[in-house]
Every structure is written in C-alpha cells, then in structure tokens.
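Here the structure is laid out as structure tokens; the discussion comes afterwards.
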Amino acid sequence: MSSLPVGFVGLGVMGGPMALNLLKAGTPLLVWNRTAAKAQALAAAGAEVAPDAASVFARSEVVILMLLDSGGVDAVLGCGTPAFAERVAGRTIVNMGTFEPAYSQELAAQVRAVGGRFVEAPVSGSSVQAAAGELVGLLAGEPEDVAAVRPLLEPMFRQLDFCGPVPKGLLMKLAVNTFLITQVTGLAEAVQFARRQGLDLDQLVSVLRAGPLASPTMRLKAPKLVGEDFSVQASVADAWKVTRLITDAAATAGIAAPLLDVCRALFAEADQLGYADADMAAVVKAIEVRGRAAE
C-alpha cells in the first residue's frame with residue numbers, strides 16, 4: 001500500500017470508531033466529515049483533518065467512504081461533474097455504506113470508466129462491534145482490488161468475506177439484515193408481551209440468555225428493551241432504510257418478504273413517533289401504540 005495517508009470520509013456513529021481502529025493500528029489517516037465537530041476525536045487521536053472532501057482525494061490513493069446515503073456519496077465524489085474524474089482516477093474507492101445494490105453497481109462502473117478502482121465493503125454489526133474492531137466486512141469488486149485493500153481494512157474487522165463482484169457485498173448485507181431486523185423486532189414483541197402480562201422482565205432476559213435463543217444481538221438488545229434504554233447502537237432510521245432496501249430488492253427479484261414487510265411498517269411507525277435517532281430497539285414503541293389502538 002502507498003505511504004500516503006488513507007482518506008476516511010464519514011465519521012458518524014459507525015465511521016468514527018472504525019477510523020479510530022485504523023489509527024490504533026498505525027494507519028496514517030486524512031479525515032473529513034460534513035459536521036466538523038465529529039472529526040475532533042480523530043484529530044485528538046492523531047488523524048489529520050482535511051479542510052474539505054476534495055483535499056482528501058488530492059492527497060490519498062485509497063479513500064474509505066462511510067456515508068449515510070447515496071446523495072452524500074455523490075456529493076463527496078462529485079458525481080455528474082468534472083470533479084468526479086479528478087477525484088477518482090487512479091484511486092481506490094472503498095464504499096462501506098449501505099445502499100441500493102443497483103446504485104452501487106452503477107457507481108462501480110462509473111469509477112472504473114474514469115480509471116479508478118471500486119471496492120464495495122458494507123459492514124455487519126453495530127457501533128458496539130465497530131468500537132471493538134469486531135465487525136464483519138462483506139467485500140465485493142475486482143479480486144485484485146479487494147486483495148490490495150484487504151490488509152488495510154483488517155483492523156476494523158473480526159472477519160472479512162469476499163462475496164464476488166459488485167453488488168454481491170450489498171446483497172449479502174441485505175440477506176444478513178433480514179435476519180437481524182426480524183430478530184430484533186421479534187425480541188421487542190416478546191418483551192412487550194411479557195411486560196403487558198406482568199412478567200418479571202429480568203427473569204425473561206435470564207431465561208433467554210440460558211436457552212437456545214441466546215445470541216450477541218439478544219444480549220445487547222434485551223437489556224435495552226427492558227430498561228427502555230434507546231441510546232443508539234443502530235438507529236430506527238437506519239433500520240427503516242434497510243427494510244426498504246430489502247423489500248425493494250426482494251420485489252424486483254420476485255422474492256416474497258412477508259416478515260420484512262411487517263418490519264418495514266413497524267419501523268416507519270417508530271420513525272413517525274419521533275424515534276428516528278433512537279436505537280432500533282425503540283421499534284417496541286410502535287408495537288405499544290398498535291396495542292393501545294387494539295384495546
């Protein structure tokens with residue numbers, strides 16, 4: 001890999017701790033975030049903060065993007081403008097956000113058309129795993145491009161899997177999140193059922209931990225549901241976005257997704273109730289409201 005600093009754009013709930021793990025591994029970083037205050041922790045840890053996104057591309061051969069939506073990626077890359085080729089040519093773009101698979105496939109083609117390299121690298125895990133360097137990375141792209149950046153990415157991950165050409169990484173992410181979202185929603189419904197039946201919720205968590213349904217997700221989310229601690233690990237807004245991506249991709253492929261259809265509606269309702277920025281466990285509030293409406 002080049003001795004130039006690695007660019008990292010997007011220092012939010014996930015990107016901040018991920019970038020910090022790269023710094024801890026000794027990777028020189030040049031970072032930028034639209035909200036400048038979010039770069040302060042990285043600067044304190046030794047990262048250089050760029051004045052703007054263009055400066056990151058001007059000084060880095062590898063640029064990691066951990067952005068919320070495709071509009072943010074387009075803006076940073078300068079898509080549709082002469083800046084796009086200037087920023088991308090000769091560089092490897094590692095896109096770690098979660099987007100429509102068709103968007104990623106088209107972006108990869110555009111990057112390659114101007115002489116750049118594109119690696120799709122969505123992640124499985126929450127901010128807890130991001131901080132611990134315990135994420136799972138789902139890589140896609142040209143095999144040689146993936147192989148070139150894999151050593152750089154390793155400090156952020158417990159496991160890195162090569163899924164094939166773009167957009168197989170994102171499709172794998174959506175398959176994984178189908179299970180995750182239904183699991184968390186089912187757990188929220190179980191806790192709400194137990195609460196309304198007057199059961200001891202701490203005992204419920206103990207039983208779940210001791211039995212075959214125990215999992216890292218259950219261990220993280222069950223105490224949050226019992227204590228109504230909705231400090232964010234992965235937000236309602238993010239979960240709602242992913243349910244839309246999954247159900248839209250399923251519909252395009254003619255795949256039934258009945259559980260995700262229900263989850264999509266519940267996360268939309270939780271968002272509308274004001275829990276967009278709360279942890280995805282706050283989907284229980286939508287279940288509560290439905291229960292009151294049925295009384």
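Residue numbers start at 1 in each chain; chains themselves are named A, B, ... in the order of the structure tokens; ligands are numbered from 1 in the order shown.
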
For segment 142-148 of chain A, work out the shell of residues within 7 Å, counting only C-alpha atoms and skipping chain neighbours fewer than 2 positions away, then give it as a list in words. Arg117, Val119, Arg150 and Pro165 of chain A

Could you save those same residues with N, CA and C atoms as a CSV table (one decimal), in the first residue's frame?
chain,number,residue,atom,x,y,z
A,117,ARG,N,-10.6,2.5,-9.1
A,117,ARG,CA,-10.9,1.2,-8.6
A,117,ARG,C,-12.0,1.3,-7.5
A,119,VAL,N,-14.2,-0.8,-4.5
A,119,VAL,CA,-14.4,-1.9,-3.6
A,119,VAL,C,-15.7,-1.7,-2.8
A,150,ARG,N,-7.4,-5.3,1.4
A,150,ARG,CA,-7.8,-6.2,2.5
A,150,ARG,C,-6.9,-6.0,3.7
A,165,PRO,N,-18.4,-10.2,-7.3
A,165,PRO,CA,-18.5,-8.9,-8.0
A,165,PRO,C,-19.5,-8.0,-7.4

What's around segment 73-90 of chain A at 8 Å? Count only C-alpha atoms, leave out sequence neighbours fewer than 5 positions away in its own chain, and write the answer as a PyMOL selection string. chain A and resi 53-54+57-58+61+65+67+111+114-117

Selection above as a file: N, CA, C and O atoms, as a PDB file, in the first residue's frame:
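Now in out_9.pdb:
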ATOM      1  N   ALA A  53     -13.668  17.799   1.360  1.00  0.00           N
ATOM      2  CA  ALA A  53     -13.599  16.452   0.791  1.00  0.00           C
ATOM      3  C   ALA A  53     -12.607  16.386  -0.367  1.00  0.00           C
ATOM      4  O   ALA A  53     -11.888  15.396  -0.527  1.00  0.00           O
ATOM      5  N   ALA A  54     -12.539  17.444  -1.175  1.00  0.00           N
ATOM      6  CA  ALA A  54     -11.629  17.433  -2.328  1.00  0.00           C
ATOM      7  C   ALA A  54     -10.186  17.223  -1.897  1.00  0.00           C
ATOM      8  O   ALA A  54      -9.407  16.543  -2.584  1.00  0.00           O
ATOM      9  N   PHE A  57      -9.172  13.493  -1.500  1.00  0.00           N
ATOM     10  CA  PHE A  57      -8.852  12.796  -2.746  1.00  0.00           C
ATOM     11  C   PHE A  57      -7.532  13.280  -3.329  1.00  0.00           C
ATOM     12  O   PHE A  57      -6.780  12.498  -3.923  1.00  0.00           O
ATOM     13  N   ALA A  58      -7.234  14.545  -3.177  1.00  0.00           N
ATOM     14  CA  ALA A  58      -5.995  15.094  -3.735  1.00  0.00           C
ATOM     15  C   ALA A  58      -4.764  14.476  -3.098  1.00  0.00           C
ATOM     16  O   ALA A  58      -3.713  14.382  -3.739  1.00  0.00           O
ATOM     17  N   GLU A  61      -4.501   7.851  -2.014  1.00  0.00           N
ATOM     18  CA  GLU A  61      -4.722   6.899  -3.097  1.00  0.00           C
ATOM     19  C   GLU A  61      -5.855   5.930  -2.766  1.00  0.00           C
ATOM     20  O   GLU A  61      -6.451   5.337  -3.668  1.00  0.00           O
ATOM     21  N   LEU A  65     -15.209   5.517   2.305  1.00  0.00           N
ATOM     22  CA  LEU A  65     -16.428   6.296   2.496  1.00  0.00           C
ATOM     23  C   LEU A  65     -17.371   5.525   3.421  1.00  0.00           C
ATOM     24  O   LEU A  65     -17.702   4.373   3.158  1.00  0.00           O
ATOM     25  N   LEU A  67     -20.712   6.730   4.546  1.00  0.00           N
ATOM     26  CA  LEU A  67     -21.706   7.785   4.467  1.00  0.00           C
ATOM     27  C   LEU A  67     -23.117   7.212   4.533  1.00  0.00           C
ATOM     28  O   LEU A  67     -23.346   6.044   4.211  1.00  0.00           O
ATOM     29  N   VAL A 111     -16.808   4.574 -11.711  1.00  0.00           N
ATOM     30  CA  VAL A 111     -15.454   4.725 -11.166  1.00  0.00           C
ATOM     31  C   VAL A 111     -14.432   4.060 -12.084  1.00  0.00           C
ATOM     32  O   VAL A 111     -13.387   4.648 -12.415  1.00  0.00           O
ATOM     33  N   VAL A 114     -13.464   5.948 -15.426  1.00  0.00           N
ATOM     34  CA  VAL A 114     -12.525   7.082 -15.405  1.00  0.00           C
ATOM     35  C   VAL A 114     -11.165   6.681 -14.834  1.00  0.00           C
ATOM     36  O   VAL A 114     -10.356   7.541 -14.496  1.00  0.00           O
ATOM     37  N   GLY A 115     -10.928   5.378 -14.721  1.00  0.00           N
ATOM     38  CA  GLY A 115      -9.612   4.911 -14.297  1.00  0.00           C
ATOM     39  C   GLY A 115      -9.438   4.739 -12.811  1.00  0.00           C
ATOM     40  O   GLY A 115      -8.301   4.686 -12.314  1.00  0.00           O
ATOM     41  N   GLY A 116     -10.527   4.615 -12.093  1.00  0.00           N
ATOM     42  CA  GLY A 116     -10.446   4.341 -10.659  1.00  0.00           C
ATOM     43  C   GLY A 116     -10.749   2.885 -10.351  1.00  0.00           C
ATOM     44  O   GLY A 116     -11.092   2.100 -11.239  1.00  0.00           O
ATOM     45  N   ARG A 117     -10.604   2.520  -9.097  1.00  0.00           N
ATOM     46  CA  ARG A 117     -10.922   1.171  -8.622  1.00  0.00           C
ATOM     47  C   ARG A 117     -12.005   1.291  -7.548  1.00  0.00           C
ATOM     48  O   ARG A 117     -12.011   2.256  -6.785  1.00  0.00           O
TER      49      ARG A 117
END

When DSSP works through the backbone of this structure, what residues of segment 26-220 of chain A end up as alpha helix (DSSP H), shown as a PyMOL selection string? chain A and resi 40-45+53-59+70-77+83-88+101-113+127-132+143-153+168-196+201-210+216-220

Neighbour list for Ala130 of chain A as a list in words, cut-off 10 Å, only C-alpha atoms, skip fewer than 4 positions in-chain: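 Here the answer would be Val13, Met14, Gly15, Gly16, Pro17, Met18, Ala19, Leu20, Asn21, Val123, Ser124, Gly125, Ser126, Glu134, Leu135, Val136, Met156, Phe157, Arg158 and Gln233 of chain A.
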
Taking into account only C-alpha atoms, which residue in the set A:Leu30, A:Ala253, A:Ala37, A:Ala237 is nearest to Leu266 of chain A?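 Closest to Leu266 of chain A, using only C-alpha atoms: A:Ala237.
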
Taking only C-alpha atoms into account, which of A:Val49, A:Leu152, A:Pro122, A:Val56 comes nearest Ala25 of chain A?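 Result for the nearest residue to Ala25 of chain A: A:Leu152.
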
Long-range neighbours of Val236 of chain A as a PyMOL selection string, 10 Å cut-off, only C-alpha atoms, 6 positions minimum in chain: chain A and resi 230+242+266-271+274-283

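Using only C-alpha atoms, the contacts of Leu170 of chain A at a cut-off of 8 Å, with sequence neighbours closer than 4 positions omitted, comprise A:Thr98, A:Phe99, A:Glu100, A:Pro101, A:Glu120, A:Ala121, A:Pro122, A:Leu138, A:Val166, A:Leu174.
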
Those residues with all heavy atoms, as a compact mmCIF listing (two decimals), in the first residue's frame please?
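Full text of selection-v2.txt as output:
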# COMPACT_ATOMS: atom_id res chain seq x y z
N THR A 98 -24.45 1.43 3.26
CA THR A 98 -25.48 0.50 2.79
C THR A 98 -26.42 1.24 1.86
O THR A 98 -27.10 2.18 2.27
CB THR A 98 -26.26 -0.09 3.99
OG1 THR A 98 -25.33 -0.74 4.86
CG2 THR A 98 -27.28 -1.10 3.51
N PHE A 99 -26.47 0.80 0.60
CA PHE A 99 -27.20 1.49 -0.44
C PHE A 99 -27.96 0.50 -1.31
O PHE A 99 -27.82 -0.72 -1.16
CB PHE A 99 -26.23 2.30 -1.33
CG PHE A 99 -25.28 3.16 -0.56
CD1 PHE A 99 -23.98 2.78 -0.36
CD2 PHE A 99 -25.72 4.36 -0.02
CE1 PHE A 99 -23.11 3.57 0.37
CE2 PHE A 99 -24.86 5.17 0.70
CZ PHE A 99 -23.55 4.77 0.90
N GLU A 100 -28.72 1.03 -2.27
CA GLU A 100 -29.39 0.17 -3.25
C GLU A 100 -28.32 -0.59 -4.04
O GLU A 100 -27.36 0.02 -4.54
CB GLU A 100 -30.23 0.99 -4.21
CG GLU A 100 -31.38 1.74 -3.55
CD GLU A 100 -30.97 3.11 -3.02
OE1 GLU A 100 -29.74 3.40 -2.95
OE2 GLU A 100 -31.88 3.89 -2.67
N PRO A 101 -28.45 -1.90 -4.19
CA PRO A 101 -27.46 -2.64 -4.97
C PRO A 101 -27.27 -2.10 -6.38
O PRO A 101 -26.13 -2.04 -6.87
CB PRO A 101 -28.03 -4.07 -4.98
CG PRO A 101 -28.81 -4.15 -3.69
CD PRO A 101 -29.42 -2.79 -3.53
N GLU A 120 -16.63 -2.54 -2.88
CA GLU A 120 -17.84 -2.47 -2.06
C GLU A 120 -17.54 -3.19 -0.75
O GLU A 120 -17.04 -4.31 -0.75
CB GLU A 120 -18.96 -3.17 -2.82
CG GLU A 120 -20.34 -3.05 -2.24
CD GLU A 120 -21.33 -3.78 -3.13
OE1 GLU A 120 -21.38 -5.03 -3.10
OE2 GLU A 120 -22.05 -3.10 -3.87
N ALA A 121 -17.84 -2.55 0.39
CA ALA A 121 -17.47 -3.14 1.68
C ALA A 121 -18.47 -2.80 2.77
O ALA A 121 -18.11 -2.24 3.81
CB ALA A 121 -16.07 -2.68 2.08
N PRO A 122 -19.76 -3.13 2.59
CA PRO A 122 -20.71 -2.89 3.68
C PRO A 122 -20.35 -3.74 4.88
O PRO A 122 -19.68 -4.78 4.75
CB PRO A 122 -22.05 -3.32 3.07
CG PRO A 122 -21.68 -4.30 2.01
CD PRO A 122 -20.38 -3.81 1.45
N LEU A 138 -18.14 -7.32 4.25
CA LEU A 138 -18.66 -8.07 3.11
C LEU A 138 -18.13 -7.41 1.84
O LEU A 138 -18.69 -6.43 1.35
CB LEU A 138 -20.19 -8.07 3.16
CG LEU A 138 -20.76 -8.58 4.50
CD1 LEU A 138 -22.25 -8.30 4.60
CD2 LEU A 138 -20.46 -10.06 4.70
N VAL A 166 -19.37 -6.70 -7.52
CA VAL A 166 -20.38 -5.72 -7.09
C VAL A 166 -21.69 -6.03 -7.83
O VAL A 166 -21.66 -6.29 -9.04
CB VAL A 166 -19.89 -4.29 -7.43
CG1 VAL A 166 -20.95 -3.26 -7.09
CG2 VAL A 166 -18.57 -3.99 -6.72
N LEU A 174 -27.86 -7.31 2.86
CA LEU A 174 -29.32 -7.28 2.97
C LEU A 174 -29.86 -8.64 3.44
O LEU A 174 -30.83 -8.68 4.21
CB LEU A 174 -29.94 -6.88 1.63
CG LEU A 174 -29.60 -5.47 1.14
CD1 LEU A 174 -30.35 -5.16 -0.16
CD2 LEU A 174 -29.86 -4.40 2.19

Mind pulling up the distance from atom CA of Ala234 of chain A to atom CA of Lys285 of chain A?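 Computing the Euclidean distance for atom CA of Lys285 of chain A and atom CA of Ala234 of chain A yields 15.9 Å.
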
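Minimum distance to Asp261 of chain A across A:Asn177, A:Thr182, A:Thr35, A:Ser206 (counting only C-alpha atoms) occurs at A:Thr182.
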
How many Å separate atom CA of Glu154 of chain A from atom CA of Val232 of chain A?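 Rounded to one decimal, the two atoms are 24.8 Å apart.
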
Considering only C-alpha atoms, can you say which of A:Pro28, A:Pro258, A:Gly186, A:Gly10 comes closest to Ala222 of chain A? A:Gly186

DSSP-assigned strand (DSSP E) among segment 9-184 of chain A, expressed as a ChimeraX atom specification: /A:9,29-32,48-49,62-65,92-95,117-120,123-124,135-141,157-162

Keeping only N, CA and C atoms, write the selected residues as a compact mmCIF listing (two decimals), in the first residue's frame.
# COMPACT_ATOMS: atom_id res chain seq x y z
N VAL A 9 -13.80 9.36 4.94
CA VAL A 9 -14.86 10.37 4.89
C VAL A 9 -16.13 9.77 5.49
N LEU A 29 -4.09 8.65 8.75
CA LEU A 29 -5.40 8.98 8.22
C LEU A 29 -5.53 10.47 7.94
N LEU A 30 -6.20 10.75 6.83
CA LEU A 30 -6.64 12.10 6.49
C LEU A 30 -8.16 12.04 6.46
N VAL A 31 -8.82 12.70 7.40
CA VAL A 31 -10.26 12.51 7.58
C VAL A 31 -11.02 13.79 7.26
N TRP A 32 -12.30 13.59 6.92
CA TRP A 32 -13.19 14.73 6.72
C TRP A 32 -14.61 14.29 7.04
N GLU A 48 -5.10 13.56 10.72
CA GLU A 48 -5.10 14.89 10.13
C GLU A 48 -6.49 15.18 9.59
N VAL A 49 -7.01 16.36 9.85
CA VAL A 49 -8.35 16.73 9.39
C VAL A 49 -8.22 17.58 8.13
N VAL A 62 -6.13 5.77 -1.47
CA VAL A 62 -7.25 4.95 -1.03
C VAL A 62 -8.16 5.84 -0.19
N VAL A 63 -9.43 5.89 -0.55
CA VAL A 63 -10.40 6.71 0.20
C VAL A 63 -11.55 5.81 0.64
N ILE A 64 -11.76 5.75 1.94
CA ILE A 64 -12.86 4.99 2.53
C ILE A 64 -14.04 5.92 2.76
N LEU A 65 -15.21 5.52 2.31
CA LEU A 65 -16.43 6.30 2.50
C LEU A 65 -17.37 5.53 3.42
N THR A 92 -8.43 4.15 -5.29
CA THR A 92 -9.34 3.07 -4.89
C THR A 92 -10.38 3.66 -3.95
N ILE A 93 -11.63 3.53 -4.33
CA ILE A 93 -12.75 3.99 -3.51
C ILE A 93 -13.32 2.77 -2.79
N VAL A 94 -13.32 2.81 -1.47
CA VAL A 94 -13.88 1.73 -0.66
C VAL A 94 -15.18 2.26 -0.05
N ASN A 95 -16.30 1.78 -0.56
CA ASN A 95 -17.60 2.31 -0.14
C ASN A 95 -18.22 1.36 0.88
N ARG A 117 -10.60 2.52 -9.10
CA ARG A 117 -10.92 1.17 -8.62
C ARG A 117 -12.00 1.29 -7.55
N PHE A 118 -12.87 0.30 -7.48
CA PHE A 118 -14.02 0.38 -6.58
C PHE A 118 -14.14 -0.92 -5.80
N VAL A 119 -14.20 -0.79 -4.48
CA VAL A 119 -14.43 -1.94 -3.61
C VAL A 119 -15.67 -1.66 -2.78
N GLU A 120 -16.63 -2.54 -2.88
CA GLU A 120 -17.84 -2.47 -2.06
C GLU A 120 -17.54 -3.19 -0.75
N VAL A 123 -20.80 -3.32 6.05
CA VAL A 123 -20.41 -3.98 7.29
C VAL A 123 -21.62 -4.55 8.00
N SER A 124 -21.39 -5.64 8.72
CA SER A 124 -22.41 -6.23 9.58
C SER A 124 -21.99 -6.02 11.02
N LEU A 135 -16.43 -6.00 13.69
CA LEU A 135 -17.37 -6.02 12.58
C LEU A 135 -17.07 -7.17 11.63
N VAL A 136 -18.05 -7.49 10.81
CA VAL A 136 -17.84 -8.42 9.70
C VAL A 136 -17.96 -7.61 8.41
N GLY A 137 -16.95 -7.71 7.56
CA GLY A 137 -16.94 -6.96 6.31
C GLY A 137 -17.32 -7.84 5.14
N LEU A 138 -18.14 -7.32 4.25
CA LEU A 138 -18.66 -8.07 3.11
C LEU A 138 -18.13 -7.41 1.84
N LEU A 139 -17.04 -7.95 1.33
CA LEU A 139 -16.30 -7.30 0.26
C LEU A 139 -16.77 -7.77 -1.11
N ALA A 140 -16.78 -6.84 -2.06
CA ALA A 140 -17.10 -7.18 -3.44
C ALA A 140 -16.33 -6.25 -4.37
N GLY A 141 -16.03 -6.75 -5.56
CA GLY A 141 -15.29 -5.97 -6.52
C GLY A 141 -14.36 -6.86 -7.33
N PHE A 157 -12.09 -5.13 11.53
CA PHE A 157 -12.98 -6.27 11.37
C PHE A 157 -12.52 -7.51 12.13
N ARG A 158 -13.49 -8.29 12.55
CA ARG A 158 -13.23 -9.64 13.06
C ARG A 158 -13.13 -10.62 11.90
N GLN A 159 -13.88 -10.37 10.85
CA GLN A 159 -13.91 -11.26 9.70
C GLN A 159 -14.18 -10.46 8.45
N LEU A 160 -13.47 -10.80 7.39
CA LEU A 160 -13.68 -10.19 6.08
C LEU A 160 -14.00 -11.31 5.09
N ASP A 161 -15.13 -11.17 4.39
CA ASP A 161 -15.55 -12.17 3.43
C ASP A 161 -15.63 -11.56 2.04
N PHE A 162 -15.03 -12.25 1.06
CA PHE A 162 -15.16 -11.81 -0.33
C PHE A 162 -16.40 -12.46 -0.92

Atom CA of Phe179 of chain A to atom CA of Ala239 of chain A: how many Å, to one decimal?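 Computing it gives 12.1 Å between the two atoms.
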
A:Ser127, A:Leu68, A:Ala294, A:Ala50 ranked by distance to Ser231 of chain A, top pick (using only C-alpha atoms): A:Ser127

For Val207 of chain A, please output as a PyMOL selection string all residues within 12 Å (counting only C-alpha atoms; exclusion window: fewer than 6 positions along the same chain). chain A and resi 200-201+213-214+218-219+222

Just all heavy atoms for this one: save the residues we selected as a PDB file, in the first residue's frame.
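Full text of part.pdb as output:
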ATOM      1  N   ASP A 200     -41.856 -10.901  35.137  1.00  0.00           N
ATOM      2  CA  ASP A 200     -40.590 -10.319  35.585  1.00  0.00           C
ATOM      3  C   ASP A 200     -39.673 -10.236  34.360  1.00  0.00           C
ATOM      4  O   ASP A 200     -39.227 -11.261  33.834  1.00  0.00           O
ATOM      5  CB  ASP A 200     -39.975 -11.217  36.672  1.00  0.00           C
ATOM      6  CG  ASP A 200     -38.697 -10.639  37.256  1.00  0.00           C
ATOM      7  OD1 ASP A 200     -37.919 -10.018  36.488  1.00  0.00           O
ATOM      8  OD2 ASP A 200     -38.454 -10.835  38.455  1.00  0.00           O
ATOM      9  N   LEU A 201     -39.383  -9.020  33.921  1.00  0.00           N
ATOM     10  CA  LEU A 201     -38.621  -8.852  32.688  1.00  0.00           C
ATOM     11  C   LEU A 201     -37.162  -9.264  32.846  1.00  0.00           C
ATOM     12  O   LEU A 201     -36.556  -9.778  31.906  1.00  0.00           O
ATOM     13  CB  LEU A 201     -38.726  -7.409  32.199  1.00  0.00           C
ATOM     14  CG  LEU A 201     -40.138  -6.941  31.831  1.00  0.00           C
ATOM     15  CD1 LEU A 201     -40.089  -5.533  31.252  1.00  0.00           C
ATOM     16  CD2 LEU A 201     -40.812  -7.892  30.863  1.00  0.00           C
ATOM     17  N   LEU A 213     -31.964 -19.584  22.391  1.00  0.00           N
ATOM     18  CA  LEU A 213     -32.142 -18.336  21.646  1.00  0.00           C
ATOM     19  C   LEU A 213     -31.095 -17.282  21.996  1.00  0.00           C
ATOM     20  O   LEU A 213     -31.116 -16.180  21.452  1.00  0.00           O
ATOM     21  CB  LEU A 213     -33.543 -17.770  21.903  1.00  0.00           C
ATOM     22  CG  LEU A 213     -34.699 -18.667  21.446  1.00  0.00           C
ATOM     23  CD1 LEU A 213     -36.037 -18.041  21.799  1.00  0.00           C
ATOM     24  CD2 LEU A 213     -34.618 -18.945  19.955  1.00  0.00           C
ATOM     25  N   ALA A 214     -30.202 -17.595  22.906  1.00  0.00           N
ATOM     26  CA  ALA A 214     -29.161 -16.641  23.284  1.00  0.00           C
ATOM     27  C   ALA A 214     -28.286 -16.314  22.068  1.00  0.00           C
ATOM     28  O   ALA A 214     -27.927 -17.187  21.286  1.00  0.00           O
ATOM     29  CB  ALA A 214     -28.309 -17.205  24.406  1.00  0.00           C
ATOM     30  N   MET A 218     -29.244 -10.628  21.039  1.00  0.00           N
ATOM     31  CA  MET A 218     -30.179 -10.702  22.160  1.00  0.00           C
ATOM     32  C   MET A 218     -29.549 -10.118  23.414  1.00  0.00           C
ATOM     33  O   MET A 218     -30.203  -9.361  24.147  1.00  0.00           O
ATOM     34  CB  MET A 218     -30.601 -12.157  22.396  1.00  0.00           C
ATOM     35  CG  MET A 218     -31.708 -12.348  23.444  1.00  0.00           C
ATOM     36  SD  MET A 218     -31.121 -12.242  25.160  1.00  0.00           S
ATOM     37  CE  MET A 218     -30.002 -13.648  25.211  1.00  0.00           C
ATOM     38  N   ARG A 219     -28.292 -10.439  23.658  1.00  0.00           N
ATOM     39  CA  ARG A 219     -27.630  -9.941  24.870  1.00  0.00           C
ATOM     40  C   ARG A 219     -27.477  -8.421  24.845  1.00  0.00           C
ATOM     41  O   ARG A 219     -27.503  -7.779  25.895  1.00  0.00           O
ATOM     42  CB  ARG A 219     -26.265 -10.610  25.025  1.00  0.00           C
ATOM     43  CG  ARG A 219     -26.340 -12.113  25.313  1.00  0.00           C
ATOM     44  CD  ARG A 219     -24.972 -12.697  25.640  1.00  0.00           C
ATOM     45  NE  ARG A 219     -25.052 -14.123  25.850  1.00  0.00           N
ATOM     46  CZ  ARG A 219     -24.786 -15.049  24.922  1.00  0.00           C
ATOM     47  NH1 ARG A 219     -24.409 -14.655  23.710  1.00  0.00           N
ATOM     48  NH2 ARG A 219     -24.892 -16.331  25.178  1.00  0.00           N
ATOM     49  N   ALA A 222     -31.828  -7.046  24.585  1.00  0.00           N
ATOM     50  CA  ALA A 222     -32.819  -7.357  25.622  1.00  0.00           C
ATOM     51  C   ALA A 222     -32.721  -6.400  26.813  1.00  0.00           C
ATOM     52  O   ALA A 222     -33.749  -5.859  27.250  1.00  0.00           O
ATOM     53  CB  ALA A 222     -32.685  -8.810  26.066  1.00  0.00           C
TER      54      ALA A 222
END
